[in-house]
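Structure data (CSV, C-alpha atoms) from model00.csv:
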chain,number,residue,atom,x,y,z
P,638,ALA,CA,14.1,0.4,11.4
P,639,GLN,CA,13.4,-0.7,7.9
P,640,SER,CA,13.1,1.9,5.2
P,641,VAL,CA,12.1,2.0,1.6
P,642,THR,CA,13.5,4.7,-0.7
P,643,GLN,CA,12.1,5.7,-4.1
P,644,PRO,CA,14.6,8.4,-5.1
P,645,ASP,CA,12.5,9.6,-8.1
P,646,ILE,CA,9.4,11.6,-7.1
P,647,HIS,CA,8.3,12.1,-10.7
P,648,ILE,CA,9.3,10.6,-14.0
P,649,THR,CA,8.2,11.5,-17.5
P,650,VAL,CA,8.6,9.1,-20.4
P,651,SER,CA,7.4,9.0,-24.0
P,652,GLU,CA,4.9,6.4,-25.0
P,653,GLY,CA,6.8,3.4,-26.3
P,654,ALA,CA,10.0,4.2,-24.4
P,655,SER,CA,11.4,1.9,-21.8
P,656,LEU,CA,10.9,2.6,-18.1
P,657,GLU,CA,12.9,1.9,-14.9
P,658,LEU,CA,11.7,2.9,-11.5
P,659,ARG,CA,14.1,2.7,-8.7
P,660,CYS,CA,13.6,1.2,-5.2
P,661,ASN,CA,16.2,0.7,-2.5
P,662,TYR,CA,15.5,-0.7,0.9
P,663,SER,CA,17.3,-0.9,4.2
P,664,TYR,CA,17.0,-4.2,6.0
P,665,GLY,CA,19.3,-6.8,7.6
P,666,ALA,CA,18.0,-9.8,5.8
P,667,THR,CA,16.2,-10.5,2.5
P,668,PRO,CA,12.8,-9.1,2.9
P,669,TYR,CA,9.7,-9.7,0.9
P,670,LEU,CA,9.5,-7.1,-1.8
P,671,PHE,CA,6.5,-5.7,-3.8
P,672,TRP,CA,5.5,-3.2,-6.4
P,673,TYR,CA,2.1,-1.6,-6.4
P,674,VAL,CA,0.4,0.7,-8.8
P,675,GLN,CA,-2.2,3.3,-8.0
P,676,SER,CA,-4.3,5.1,-10.7
P,677,PRO,CA,-5.8,8.4,-9.7
P,678,GLY,CA,-8.6,8.1,-7.2
P,679,GLN,CA,-8.1,4.3,-7.0
P,680,GLY,CA,-6.8,1.8,-4.5
P,681,LEU,CA,-3.5,0.0,-4.9
P,682,GLN,CA,-3.1,-2.9,-7.2
P,683,LEU,CA,-0.3,-5.5,-6.8
P,684,LEU,CA,2.0,-5.6,-9.8
P,685,LEU,CA,4.5,-8.2,-8.7
P,686,LYS,CA,6.2,-9.7,-5.6
P,687,TYR,CA,9.5,-11.3,-4.7
P,688,PHE,CA,10.0,-13.7,-1.8
P,689,SER,CA,12.9,-15.9,-2.9
P,690,GLY,CA,14.4,-17.7,-5.8
P,691,ASP,CA,14.8,-16.3,-9.3
P,692,THR,CA,15.8,-12.6,-8.8
P,693,LEU,CA,14.0,-11.5,-12.0
P,694,VAL,CA,10.2,-11.6,-11.4
P,695,GLN,CA,7.5,-11.0,-13.9
P,696,GLY,CA,4.3,-9.2,-13.0
P,697,ILE,CA,1.1,-8.1,-14.6
P,698,LYS,CA,0.7,-5.5,-17.4
P,699,GLY,CA,4.2,-6.4,-18.8
P,700,PHE,CA,6.2,-5.2,-15.8
P,701,GLU,CA,9.2,-7.0,-14.3
P,702,ALA,CA,11.5,-6.3,-11.4
P,703,GLU,CA,14.9,-7.4,-10.5
P,704,PHE,CA,16.2,-8.1,-7.0
P,705,LYS,CA,19.8,-7.2,-6.4
P,706,ARG,CA,21.0,-8.2,-3.0
P,707,SER,CA,24.3,-6.4,-3.2
P,708,GLN,CA,22.7,-3.1,-4.0
P,709,SER,CA,19.6,-3.6,-1.8
P,710,SER,CA,17.5,-2.7,-4.8
P,711,PHE,CA,14.3,-3.9,-6.4
P,712,ASN,CA,13.9,-1.8,-9.5
P,713,LEU,CA,10.8,-2.0,-11.7
P,714,ARG,CA,11.1,-2.1,-15.4
P,715,LYS,CA,8.9,-2.1,-18.5
P,716,PRO,CA,10.3,-2.3,-22.1
P,717,SER,CA,7.6,-0.2,-23.7
P,718,VAL,CA,5.4,2.1,-21.8
P,719,HIS,CA,1.7,2.6,-22.8
P,720,TRP,CA,-0.3,5.8,-22.0
P,721,SER,CA,-2.4,3.8,-19.6
P,722,ASP,CA,0.7,3.2,-17.4
P,723,ALA,CA,0.5,6.8,-16.2
P,724,ALA,CA,0.0,6.3,-12.4
P,725,GLU,CA,1.7,6.4,-9.1
P,726,TYR,CA,4.0,3.4,-8.3
P,727,PHE,CA,4.9,2.3,-4.8
P,728,CYS,CA,7.6,-0.1,-3.7
P,729,ALA,CA,7.0,-1.9,-0.5
P,730,VAL,CA,8.8,-4.2,1.9
P,731,GLY,CA,7.2,-6.8,4.1
P,732,ASP,CA,8.8,-7.8,7.4
P,733,GLY,CA,7.2,-9.6,10.4
P,734,ASN,CA,4.0,-7.7,11.3
P,735,GLN,CA,4.8,-4.6,9.2
P,736,PHE,CA,4.5,-3.6,5.6
P,737,TYR,CA,6.6,-0.5,4.7
P,738,PHE,CA,5.9,1.6,1.7
P,739,GLY,CA,8.1,4.0,-0.2
P,740,THR,CA,6.9,7.5,-0.9
P,741,GLY,CA,6.0,6.7,-4.5
P,742,THR,CA,7.0,7.7,-8.0
P,743,SER,CA,4.5,9.5,-10.2
P,744,LEU,CA,4.8,8.5,-13.8
P,745,THR,CA,3.7,10.7,-16.7
P,746,VAL,CA,3.5,9.3,-20.2
P,747,ILE,CA,3.6,11.8,-23.1
P,748,PRO,CA,2.4,10.8,-26.6
S,1480,ASN,CA,-16.0,-11.9,-4.7
S,1481,ALA,CA,-16.3,-8.2,-4.0
S,1482,GLY,CA,-12.8,-8.2,-2.4
S,1483,VAL,CA,-12.2,-5.4,0.1
S,1484,THR,CA,-14.9,-2.8,0.4
S,1485,GLN,CA,-14.8,0.5,2.2
S,1486,THR,CA,-17.6,3.0,3.1
S,1487,PRO,CA,-18.0,5.8,2.8
S,1488,LYS,CA,-16.0,6.9,-0.2
S,1489,PHE,CA,-15.9,10.5,0.9
S,1490,GLN,CA,-16.5,12.2,4.2
S,1491,VAL,CA,-16.3,15.7,5.7
S,1492,LEU,CA,-16.1,16.1,9.4
S,1493,LYS,CA,-15.8,19.1,11.8
S,1494,THR,CA,-13.1,19.1,14.4
S,1495,GLY,CA,-14.1,17.1,17.4
S,1496,GLN,CA,-16.6,14.9,15.7
S,1497,SER,CA,-16.3,11.2,15.7
S,1498,MET,CA,-17.0,8.7,13.0
S,1499,THR,CA,-16.4,5.1,11.9
S,1500,LEU,CA,-14.8,4.1,8.6
S,1501,GLN,CA,-16.1,0.7,7.6
S,1502,CYS,CA,-14.1,-2.1,6.0
S,1503,ALA,CA,-15.2,-5.5,5.0
S,1504,GLN,CA,-13.6,-8.4,3.0
S,1505,ASP,CA,-15.2,-11.5,1.7
S,1506,MET,CA,-12.0,-13.5,1.0
S,1507,ASN,CA,-11.8,-15.1,4.5
S,1508,HIS,CA,-8.5,-13.4,5.1
S,1509,GLU,CA,-7.2,-13.5,8.7
S,1510,TYR,CA,-5.0,-10.4,8.4
S,1511,MET,CA,-6.4,-6.9,8.0
S,1512,SER,CA,-4.8,-3.5,8.2
S,1513,TRP,CA,-5.6,0.2,8.1
S,1514,TYR,CA,-3.3,2.7,6.3
S,1515,ARG,CA,-3.4,6.4,5.8
S,1516,GLN,CA,-2.0,8.0,2.7
S,1517,ASP,CA,-0.6,11.5,2.8
S,1518,PRO,CA,1.1,13.4,-0.1
S,1519,GLY,CA,4.8,12.7,-0.2
S,1520,MET,CA,4.7,10.2,2.6
S,1521,GLY,CA,3.5,7.0,1.0
S,1522,LEU,CA,1.2,4.8,3.1
S,1523,ARG,CA,1.6,4.5,6.9
S,1524,LEU,CA,0.2,1.7,9.0
S,1525,ILE,CA,-2.4,2.8,11.6
S,1526,HIS,CA,-3.6,-0.5,13.2
S,1527,TYR,CA,-3.7,-4.1,12.2
S,1528,SER,CA,-5.4,-7.4,13.1
S,1529,VAL,CA,-4.1,-10.9,12.9
S,1530,GLY,CA,-7.5,-12.5,13.4
S,1531,ALA,CA,-10.9,-11.9,15.1
S,1532,GLY,CA,-10.5,-10.5,18.5
S,1533,ILE,CA,-6.8,-9.6,18.0
S,1534,THR,CA,-5.6,-6.1,17.1
S,1535,ASP,CA,-2.4,-4.1,17.5
S,1536,GLN,CA,-1.0,-0.7,16.8
S,1537,GLY,CA,1.0,0.3,13.8
S,1538,GLU,CA,3.2,3.3,13.1
S,1539,VAL,CA,0.6,6.1,13.5
S,1540,PRO,CA,-2.1,4.8,15.9
S,1541,ASN,CA,-2.9,8.0,17.9
S,1542,GLY,CA,-6.5,9.2,17.6
S,1543,TYR,CA,-7.8,6.0,16.1
S,1544,ASN,CA,-9.4,2.9,17.6
S,1545,VAL,CA,-10.1,-0.5,16.0
S,1546,SER,CA,-11.9,-3.7,16.8
S,1547,ARG,CA,-12.2,-7.0,15.1
S,1548,SER,CA,-15.3,-9.0,16.2
S,1549,THR,CA,-15.6,-11.0,12.9
S,1550,THR,CA,-13.2,-12.2,10.3
S,1551,GLU,CA,-14.9,-10.1,7.7
S,1552,ASP,CA,-15.1,-6.6,9.3
S,1553,PHE,CA,-12.5,-4.3,10.6
S,1554,PRO,CA,-13.9,-0.8,11.3
S,1555,LEU,CA,-11.7,2.2,12.1
S,1556,ARG,CA,-13.0,4.7,14.6
S,1557,LEU,CA,-11.9,8.3,14.8
S,1558,LEU,CA,-12.6,9.4,18.4
S,1559,SER,CA,-12.3,13.2,18.1
S,1560,ALA,CA,-11.4,14.3,14.6
S,1561,ALA,CA,-8.6,16.7,14.1
S,1562,PRO,CA,-7.4,18.5,10.9
S,1563,SER,CA,-4.2,16.4,11.0
S,1564,GLN,CA,-6.4,13.4,10.3
S,1565,THR,CA,-7.4,14.7,6.9
S,1566,SER,CA,-6.1,12.0,4.6
S,1567,VAL,CA,-7.1,9.1,2.4
S,1568,TYR,CA,-7.6,5.9,4.3
S,1569,PHE,CA,-7.1,2.4,2.9
S,1570,CYS,CA,-8.1,-0.9,4.4
S,1571,ALA,CA,-6.2,-4.0,3.3
S,1572,SER,CA,-6.4,-7.7,3.9
S,1573,SER,CA,-3.9,-10.6,3.4
S,1574,PRO,CA,-4.3,-14.3,3.4
S,1575,ARG,CA,-0.8,-15.1,4.7
S,1576,GLY,CA,0.4,-12.4,7.0
S,1577,LEU,CA,1.2,-8.8,7.3
S,1578,ALA,CA,4.6,-9.2,5.6
S,1579,TYR,CA,2.9,-10.7,2.5
S,1580,GLU,CA,0.9,-9.2,-0.3
S,1581,GLN,CA,-1.9,-7.0,0.8
S,1582,TYR,CA,-5.1,-6.5,-1.1
S,1583,PHE,CA,-6.5,-3.0,-0.8
S,1584,GLY,CA,-9.9,-1.4,-0.8
S,1585,PRO,CA,-10.8,1.6,-2.9
S,1586,GLY,CA,-10.1,4.1,0.0
S,1587,THR,CA,-12.0,6.7,1.9
S,1588,ARG,CA,-11.1,10.4,1.4
S,1589,LEU,CA,-11.6,12.2,4.7
S,1590,THR,CA,-11.5,15.9,5.2
S,1591,VAL,CA,-11.6,17.4,8.7
S,1592,THR,CA,-12.4,21.2,8.9
Show me this structure written as structure tokens.
Amino acid sequence: AQSVTQPDIHITVSEGASLELRCNYSYGATPYLFWYVQSPGQGLQLLLKYFSGDTLVQGIKGFEAEFKRSQSSFNLRKPSVHWSDAAEYFCAVGDGNQFYFGTGTSLTVIP
Amino acid sequence: NAGVTQTPKFQVLKTGQSMTLQCAQDMNHEYMSWYRQDPGMGLRLIHYSVGAGITDQGEVPNGYNVSRSTTEDFPLRLLSAAPSQTSVYFCASSPRGLAYEQYFGPGTRLTVT
């Protein structure tokens, strides 16, 4: 069965610092890959997606992610974090009739 | 477009009660899904639909029923609520398929006592 692993349950960064959130997946082929963000008490908003082609994808709010087939990873990055980026981030994999989520990484931003 | 809407936003039930969580979308998406979100477990798929009249089970379907009589609506029914169903429920829709980007509603927070 497919699985999505986000090894960091919680990350704290200073405002203005760079950010990288890790995501690894287990799947036989190249799946469709996604990152979502969830602010407290809100639904999930799509940040970016990867289907094929260029392995570096740009998303909204200044986020980007890089697909590395050899490492089965799809890490999310942002060069300079803003206080409003504090939220929960979910990596997800799409396959057939299923959409699998990781358990999420909670981001705290300190001034 | 309102996107995906869910009602109610909050609900408290007693064990054994039944209720229906409403979900509607105005984007003419064929694919709709229900997820539950529990702490430390991410989101898990309950049921999904690939079009009006067609539904199927996801990862955690027990205790829930769905139907899809129109493209717009996809209600989730709890038949006999149990404390284990205390969770946040999200409805989602997609224009291209269940493996593609999902657009989520704001969620319903359900507590079963």
> So, counting all atoms listed in the file, which residue among S:Thr1486, S:Val1545, S:Glu1538, S:Ser1563 is closest to Leu1522 in chain S?
Replying inline: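 Checking each of S:Thr1486, S:Val1545, S:Glu1538, S:Ser1563 against Leu1522 in chain S, counting all atoms listed in the file, the winner is S:Glu1538.
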> Got a sec to pull out which chain P residues are within 9 Å of chain S, counting only C-alpha atoms, and send them as a ChimeraX atom specification?
Replying inline: /P:646,668-671,678-683,686,688,727,730-741
>> For range 638-644 of chain P, find every residue with an atom within 6 Å (counting only C-alpha atoms), except residues of its own chain fewer than 4 positions away, and show them as a ChimeraX atom specification.
In response: /P:659-664,739
Saved selection, atoms kept: C-alpha atoms, as a PDB file, in the frame of the given file:
ATOM      1  CA  ARG P 659      14.100   2.700  -8.700  1.00  0.00           C
ATOM      2  CA  CYS P 660      13.600   1.200  -5.200  1.00  0.00           C
ATOM      3  CA  ASN P 661      16.200   0.700  -2.500  1.00  0.00           C
ATOM      4  CA  TYR P 662      15.500  -0.700   0.900  1.00  0.00           C
ATOM      5  CA  SER P 663      17.300  -0.900   4.200  1.00  0.00           C
ATOM      6  CA  TYR P 664      17.000  -4.200   6.000  1.00  0.00           C
ATOM      7  CA  GLY P 739       8.100   4.000  -0.200  1.00  0.00           C
TER       8      GLY P 739
END
> So which residues touch range 695-703 of chain P within 8 Å, counting all atoms listed in the file, skipping near sequence neighbours fewer than 5 positions away, as number ranges by chain?
Replying inline: P: 684-686, 710-715
>> As an exercise, work out the distance from CA of Trp672 in chain P to CA of Gly1542 in chain S in Å and give it to one decimal place.
In response: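 Going from CA of Trp672 in chain P over to CA of Gly1542 in chain S, I get 29.6 Å.
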> What is the CA of Val1591 in chain S-CA of Thr742 in chain P distance in Å, reported with one decimal?
Replying inline: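 According to the coordinates, CA of Val1591 in chain S and CA of Thr742 in chain P are separated by 26.8 Å.
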> How many Å separate CA of Gln1490 in chain S from CA of Gln1536 in chain S?
Replying inline: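 Computing the Euclidean distance for CA of Gln1490 in chain S and CA of Gln1536 in chain S yields 23.8 Å.
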>> I want to know what sits within 7 Å of Ser743 in chain P, based on all atoms listed in the file, with residues of the same chain fewer than 5 positions away left out; could you give that as a PyMOL selection string?
In response: chain P and resi 646-648+724-726
> Quick one: of S:Arg1515, S:Leu1492, S:Ala1503, S:Phe1553, who's nearest to Pro1540 in chain S, counting all atoms listed in the file?
Replying inline: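 Of S:Arg1515, S:Leu1492, S:Ala1503, S:Phe1553, the one nearest Pro1540 in chain S, counting all atoms listed in the file, is S:Arg1515.
Using all atoms listed in the file, the protein and nucleic acid residues lying no more than 12 Å from Val1491 in chain S, apart from those fewer than 6 places from it along its own chain, are Ser1497, Met1498, Ala1560, Ala1561, Pro1562, Gln1564, Thr1565, Ser1566, Val1567, Thr1587, Arg1588, Leu1589, Thr1590, Val1591 and Thr1592 of chain S.
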Grab the residues selected above and save them as a JSON list (two decimals), in the coordinates of the input with C-alpha atoms.
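The resulting file, again_31.json, is reproduced below:
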[["chain", "number", "residue", "atom", "x", "y", "z"],
["S", 1497, "SER", "CA", -16.30, 11.20, 15.70],
["S", 1498, "MET", "CA", -17.00, 8.70, 13.00],
["S", 1560, "ALA", "CA", -11.40, 14.30, 14.60],
["S", 1561, "ALA", "CA", -8.60, 16.70, 14.10],
["S", 1562, "PRO", "CA", -7.40, 18.50, 10.90],
["S", 1564, "GLN", "CA", -6.40, 13.40, 10.30],
["S", 1565, "THR", "CA", -7.40, 14.70, 6.90],
["S", 1566, "SER", "CA", -6.10, 12.00, 4.60],
["S", 1567, "VAL", "CA", -7.10, 9.10, 2.40],
["S", 1587, "THR", "CA", -12.00, 6.70, 1.90],
["S", 1588, "ARG", "CA", -11.10, 10.40, 1.40],
["S", 1589, "LEU", "CA", -11.60, 12.20, 4.70],
["S", 1590, "THR", "CA", -11.50, 15.90, 5.20],
["S", 1591, "VAL", "CA", -11.60, 17.40, 8.70],
["S", 1592, "THR", "CA", -12.40, 21.20, 8.90]]
> Of the candidates S:Ser1559, S:Asn1480, S:Thr1494, S:Gln1485, which shows the shortest atom-to-atom distance to Asn1507 in chain S, using all atoms listed in the file?
Replying inline: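 Checking each candidate against Asn1507 in chain S, we get S:Asn1480 as the closest.
Among the candidate residues P:Val674, P:Ala723, P:Val718, P:Leu744, the one lying nearest to Ser655 in chain P is P:Val718, with distances computed using all atoms listed in the file.
Using all atoms listed in the file, the shortest contact distance between Glu1509 in chain S and any of S:Ile1533, S:Val1539, S:Pro1554, S:Pro1487 is found at S:Ile1533.
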